[in-house]
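Participant: One structure follows; several queries about it will come next.
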Amino acid sequence: MRVGVSAIVVVGLIGATCPAVWATPPPPRPTATSAVAPMPGQETSGPTVRGELRPHLTFAIATPSPRQGQPMRFIGRASPATVGRPVALQVSVPASAKASASARAAGWQTLAWGRTNAASAFSFTIDPAAGVHTYRAVLPAKGWTSRSVTTTVAPALFDVIVQPQDQRTVATVTNAIRTARASVDIVVYNQGASDIAAALAAAKARLARNKPKSPAIRVMVNGQWNSASKTHTQNQYVSQMMTLLGVDPTTGRSADGVVGFNYSATNFSLTHQKTLVIDARRPDGREYSSAASLPATARAIVATFNLQASGWPWTYQGATPGANCDDGNATCSFVGGGKGTRDFGVIVRRPAEVFTVERVFSSDFAGPTPTEANLGLGLNRPNRLLVWSNGTIGVGSPPPSGFGPIFSRSAGSYPAFAGQTVGSGFYPYPYYRWVEAAQATPDVHLGTVAGNANAVHLGIINRAAAAARAGRPATLFIYNEEDSDDQVSAALNAAAAAGVTIKFVMSFNATYGGAYQQLVTTTRPDGSPVNAAVHLYPTTNDYMYIHAKMIYADLDSDEVFVGSQNFSENSLLQNRELGVHLRQADGTLTAAIRSSLTGTFAGDFVYLGADVPGCPIVAVTPSHTWNQQSAGLNTDTGCPIGSVHSPGAPAAIQESNGAPQTPSSYFPSPLGQISNQYQPPLPQGPIRTFTAPDLQYVCQDASRVAAAGDCPTPP
């Protein structure tokens with residue numbers, strides 16, 4: 001394990017070309033003209049230095065306020081007559097660190113080697129690790145050691161979590177909750193994992209000491225499910241969380257006021273966002289006035305993962321909370337049961353984005369008007385780092401000619417726009433008008449508030465296609481759980497035809513077979529096959545479930561989207577969702593993040609399930625198309641028909657584009673108690689009585705009917 005640095009970037013000299021860098025003590029004379037960093041794990045402790053501290057070797061940190069992921073520079077100078085002498089940069093090694101025996105004995109570990117230049121000066125540039133570190137310079141030929149310098153290296157502005165590895169080792173999310181100093185805000189589609197609940201209980205005890213004037217811990221619960229069984233089970237788990245945290249289900253608040261549970265705003269088809277915000281509010285529970293006011297501990301975790309109880313099947317049909325998933329079950333964590341789920345989270349520490357995420361959370365938590373939640377915060381701008389699906393309704397109007405009836409809530413279920421007396425009760429149609437508006441102007445105006453997610457997705461794919469058409473290498477690495485969005489599919493097919501290499505990893509879902517087939521059977525302009533492959537992980541307990549949502553463009557300058565959005569119109573345009581768009585060009589896509597994401601994908605793509613007898617990965621390629629293979633596959637698992645494997649995750653568990661079911665107890669007690677008719681006072685707030693909205697279809701003549709088949713035939 002490297003101590004003190006996450007990677008050595010450059011070691012240079014003042015006033016000279018960069019000399020060689022050695023992983024072992026250097027030879028007597030420099031011969032190279034370029035810097036070569038030691039490989040990870042090859043750093044040595046360097047020579048043992050004897051003698052007292054001498055004034056002949058001065059040493060200082062030249063980078064104010066150093067931060068992980070950004071170059072950190074050291075400078076120094078030796079006394080005359082030391083030209084060309086080897087000099088080492090060392091970092092103090094705690095006794096418990098897993099360094100080499102010689103490093104532990106010396107108490108220091110050598111990070112890099114360089115040489116003094118003609119002026120007896122030297123410099124080092126490294127990518128430091130976060131934390132408090134003590135550094136020194138050593139000139140072994142003279143037996144000189146500089147005075148040590150101690151500094152605090154701030155965490156990187158952007159970092160990545162890889163699941164399930166992180167939760168089973170570092171446990172970044174639960175640790176972030178437990179160690180929060182001022183506030184914890186959670187909005188995640190599926191919730192209820194026991195390890196998350198336990199972390200919230202620990203945070204409650206800690207934050208109660210601040211005596212907040214409003215809830216220091218706020219949990220926002222998706223209030224609109226497309227499955228009665230999922231609704232029932234999810235509410236049971238969240239009810240357990242509320243009981244553990246002392247939350248009264250009739251008020252949504254704990255007796256001490258530290259914890260609050262609210263339903264999310266009804267502006268959205270689903271609140272599918274997966275975000276945690278830590279310390280972005282004051283210790284008294286109130287909001288900060290600006291991004292500049294945020295403390296150093298403030299951060300947002302923008303994730304693809306849920307926080308549900310062990311994934312599947314326990315969070316879904318047939319689950320018995322407390323029996324299937326309790327503290328005695330080691331797999332009962334939010335990473336998923338069995339092999340876990342492939343998921344990511346991006347830790348965002350840059351104040352501007354953290355402040356915006358917190359403002360949107362507070363807005364949704366309180367139940368705002370659409371203009372406050374969307375237009376006022378500029379969430380529709382496609383060039384921003386934050387990638388939003390805003391999902392608010394459009395101006396009330398019937399569907400365009402030929403579009404067909406629109407599934408809708410009742411007219412009074414959603415807020416009205418200016419000039420309307422009642423909300424329209426359905427989302428923006430047709431989709432392309434909102435996409436065109438989002439791509440054409442930086443500020444999208446009233447009625448075009450579907451967010452920037454679709455524009456960002458299409459933009460990444462189209463830039464890869466443009467690079468390929470210009471003769472430059474271009475590859476897309478893609479994870480997703482769904483593949484039903486027509487615009488995304490068309491863009492991917494066009495990119496493949498242009499010469500982009502497309503590598504796609506999903507869990508098996510026969511629903512999207514047509515999209516797989518279309519991608520791999522697309523041809524280049526000369527008629528040759530495209531370079532595209534879709535690898536489908538069977539949905540059995542022998543395989544990790546692919547739940548991540550990522551588009552990584554490997555270009556001259558890389559860029560990546562990671563977030564909660566699936567490839568579906570519902571997810572990109574109608575839900576509340578959040579992701580991030582990181583770019584190598586602006587420094588947000590750091591070398592560490594690039595390595596983590598691409599390395600993880602490479603491993604998942606080349607894994608073909610050879611260790612799972614009788615049920616390999618389904619590889620869909622131009623030479624082995626979906627249509628050629630699908631007849632021999634179990635439509636539920638993806639295993640060959642006749643093989644025996646335990647089913648894992650149910651297909652398409654995240655979203656459904658069909659009409660929600662309307663059982664008599666759509667939201668059972670005690671959690672589902674809120675009226676979402678959206679009439680003042682705003683109903684999003686403490687959990688109260690729930691009235692299920694009427695489900696209707698809006699016909700082309702603007703009439704509303706109970707079933708699509710009841711629409712009058714257009715003349």
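Every chain in the structure tokens has a letter given in the order shown (A, B, ...), and although residue numbers restart at 1 in each chain, ligands are simply numbered from 1 in the order shown.
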Can you tell me, as an mmCIF file with N, CA and C atoms, in the first residue's frame, what residues are no more than 7 Å from segment 589-600 of chain A when counting only C-alpha atoms, ignoring any on the same chain fewer than 2 positions away?
Facilitator:
```cif
data_model
loop_
_atom_site.group_PDB
_atom_site.id
_atom_site.type_symbol
_atom_site.label_atom_id
_atom_site.label_comp_id
_atom_site.auth_asym_id
_atom_site.auth_seq_id
_atom_site.Cartn_x
_atom_site.Cartn_y
_atom_site.Cartn_z
ATOM 1 N N GLY A 69 -5.718 14.561 -5.844
ATOM 2 C CA GLY A 69 -6.148 14.660 -7.227
ATOM 3 C C GLY A 69 -5.586 15.859 -7.952
ATOM 4 N N ASP A 159 -14.502 11.961 -6.415
ATOM 5 C CA ASP A 159 -13.955 10.625 -6.207
ATOM 6 C C ASP A 159 -15.047 9.614 -6.548
ATOM 7 N N VAL A 160 -14.669 8.352 -6.672
ATOM 8 C CA VAL A 160 -15.637 7.350 -7.099
ATOM 9 C C VAL A 160 -15.680 6.188 -6.110
ATOM 10 N N GLU A 559 -14.722 11.532 -21.323
ATOM 11 C CA GLU A 559 -15.825 12.067 -20.531
ATOM 12 C C GLU A 559 -16.704 10.904 -20.113
ATOM 13 N N LEU A 582 -18.644 14.057 -15.885
ATOM 14 C CA LEU A 582 -17.256 14.409 -15.599
ATOM 15 C C LEU A 582 -16.463 14.422 -16.897
ATOM 16 N N ARG A 583 -15.548 15.397 -17.014
ATOM 17 C CA ARG A 583 -14.773 15.562 -18.240
ATOM 18 C C ARG A 583 -13.289 15.659 -17.918
ATOM 19 N N GLN A 584 -12.502 14.971 -18.700
ATOM 20 C CA GLN A 584 -11.060 15.077 -18.552
ATOM 21 C C GLN A 584 -10.594 16.491 -18.879
ATOM 22 N N GLY A 587 -10.828 18.757 -15.870
ATOM 23 C CA GLY A 587 -10.190 18.259 -14.660
ATOM 24 C C GLY A 587 -11.113 17.523 -13.710
ATOM 25 N N ALA A 602 -13.531 -3.059 -17.656
ATOM 26 C CA ALA A 602 -12.742 -4.042 -18.412
ATOM 27 C C ALA A 602 -12.873 -5.426 -17.801
ATOM 28 N N GLY A 603 -12.809 -5.485 -16.468
ATOM 29 C CA GLY A 603 -12.943 -6.776 -15.803
ATOM 30 C C GLY A 603 -14.321 -7.387 -15.986
ATOM 31 N N ASP A 604 -15.359 -6.552 -15.900
ATOM 32 C CA ASP A 604 -16.723 -7.056 -16.056
ATOM 33 C C ASP A 604 -17.001 -7.497 -17.488
#
```
Participant: I'd like the contact shell of Tyr545 of chain A - 7 Å cut-off, only C-alpha atoms, skipping same-chain residues fewer than 4 positions apart - returned as an mmCIF file with all heavy atoms, in the first residue's frame.
Facilitator:
```
data_model
loop_
_atom_site.group_PDB
_atom_site.id
_atom_site.type_symbol
_atom_site.label_atom_id
_atom_site.label_comp_id
_atom_site.auth_asym_id
_atom_site.auth_seq_id
_atom_site.Cartn_x
_atom_site.Cartn_y
_atom_site.Cartn_z
ATOM 1 N N GLY A 340 -23.965 -9.527 -5.019
ATOM 2 C CA GLY A 340 -24.013 -8.070 -4.932
ATOM 3 C C GLY A 340 -24.420 -7.436 -6.242
ATOM 4 O O GLY A 340 -24.759 -8.105 -7.214
ATOM 5 N N THR A 341 -24.370 -6.131 -6.285
ATOM 6 C CA THR A 341 -24.722 -5.391 -7.490
ATOM 7 C C THR A 341 -23.535 -4.567 -7.953
ATOM 8 O O THR A 341 -22.794 -4.016 -7.138
ATOM 9 C CB THR A 341 -25.909 -4.436 -7.242
ATOM 10 O OG1 THR A 341 -25.511 -3.399 -6.344
ATOM 11 C CG2 THR A 341 -27.097 -5.162 -6.657
ATOM 12 N N ARG A 342 -23.352 -4.495 -9.270
ATOM 13 C CA ARG A 342 -22.346 -3.564 -9.799
ATOM 14 C C ARG A 342 -22.966 -2.185 -9.802
ATOM 15 O O ARG A 342 -23.976 -1.933 -10.460
ATOM 16 C CB ARG A 342 -21.919 -3.961 -11.208
ATOM 17 C CG ARG A 342 -21.071 -2.911 -11.900
ATOM 18 C CD ARG A 342 -19.729 -2.664 -11.159
ATOM 19 N NE ARG A 342 -18.800 -3.762 -11.317
ATOM 20 C CZ ARG A 342 -18.099 -4.304 -10.313
ATOM 21 N NH1 ARG A 342 -18.237 -3.837 -9.079
ATOM 22 N NH2 ARG A 342 -17.260 -5.300 -10.534
ATOM 23 N N SER A 507 -27.471 -6.743 -17.088
ATOM 24 C CA SER A 507 -28.038 -8.009 -16.654
ATOM 25 C C SER A 507 -29.054 -8.455 -17.697
ATOM 26 O O SER A 507 -29.674 -7.634 -18.385
ATOM 27 C CB SER A 507 -28.699 -7.874 -15.290
ATOM 28 O OG SER A 507 -27.726 -7.937 -14.265
ATOM 29 N N THR A 539 -29.516 -13.485 -14.775
ATOM 30 C CA THR A 539 -30.108 -13.006 -13.519
ATOM 31 C C THR A 539 -30.326 -14.182 -12.582
ATOM 32 O O THR A 539 -31.456 -14.598 -12.299
ATOM 33 C CB THR A 539 -31.417 -12.259 -13.778
ATOM 34 O OG1 THR A 539 -32.280 -13.071 -14.589
ATOM 35 C CG2 THR A 539 -31.165 -10.948 -14.480
#
```
Participant: Select, from A:Ala474, A:Leu307, A:Val348, A:Met241, the residue with the minimum atom-to-atom distance to Asp558 of chain A, counting only C-alpha atoms.
Facilitator: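 Using only C-alpha atoms, Asp558 of chain A sits closest to A:Ala474.
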Participant: Calculated over only C-alpha atoms, which of the candidates A:Val138, A:Arg147, A:Arg115, A:Phe365 has the smallest distance to Ala60 of chain A?
Facilitator: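 Of A:Val138, A:Arg147, A:Arg115, A:Phe365, the one nearest Ala60 of chain A, counting only C-alpha atoms, is A:Arg147.
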Participant: Step one, run DSSP on the backbone; step two, keep only residues of segment 85-299 of chain A assigned to alpha helix (DSSP H); then write them as an MDAnalysis selection string.
Facilitator: chainID A and resid 101:106 165:168 172:178 194:207 228:244
Participant: Mind the document's chain letters and residue numbers, and return as a ChimeraX atom specification the residues of segment 72-284 of chain A that DSSP labels strand (DSSP E or B).
Facilitator: /A:72-78,86-92,108-115,121-128,131-139,144-145,149-154,158-163,184-188,191,217-221,247-248,253-254,259-263,271,274-278,281
Participant: What is the atom CA of Val505 of chain A-atom CA of Val520 of chain A distance in Å, reported with one decimal?
Facilitator: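 Computing the Euclidean distance for atom CA of Val505 of chain A and atom CA of Val520 of chain A yields 13.6 Å.
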Participant: Can you work out the spacing between atom CA of His581 of chain A and atom CA of Gln68 of chain A in Å, to one decimal?
Facilitator: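 Answer for the atom CA of His581 of chain A to atom CA of Gln68 of chain A separation: 19.8 Å.
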Participant: Enter the distance from atom CA of Ser489 of chain A to atom CA of Thr304 of chain A, in Å, rounded to one decimal.
Facilitator: 20.6 Å
Participant: Residues at most 7 Å from segment 491-501 of chain A, counting only C-alpha atoms, excluding those fewer than 4 positions away in the same chain, as a PyMOL selection string?
Facilitator: chain A and resi 458+461-462+464-465+468-469+474-476+487+519+522-525+530-532
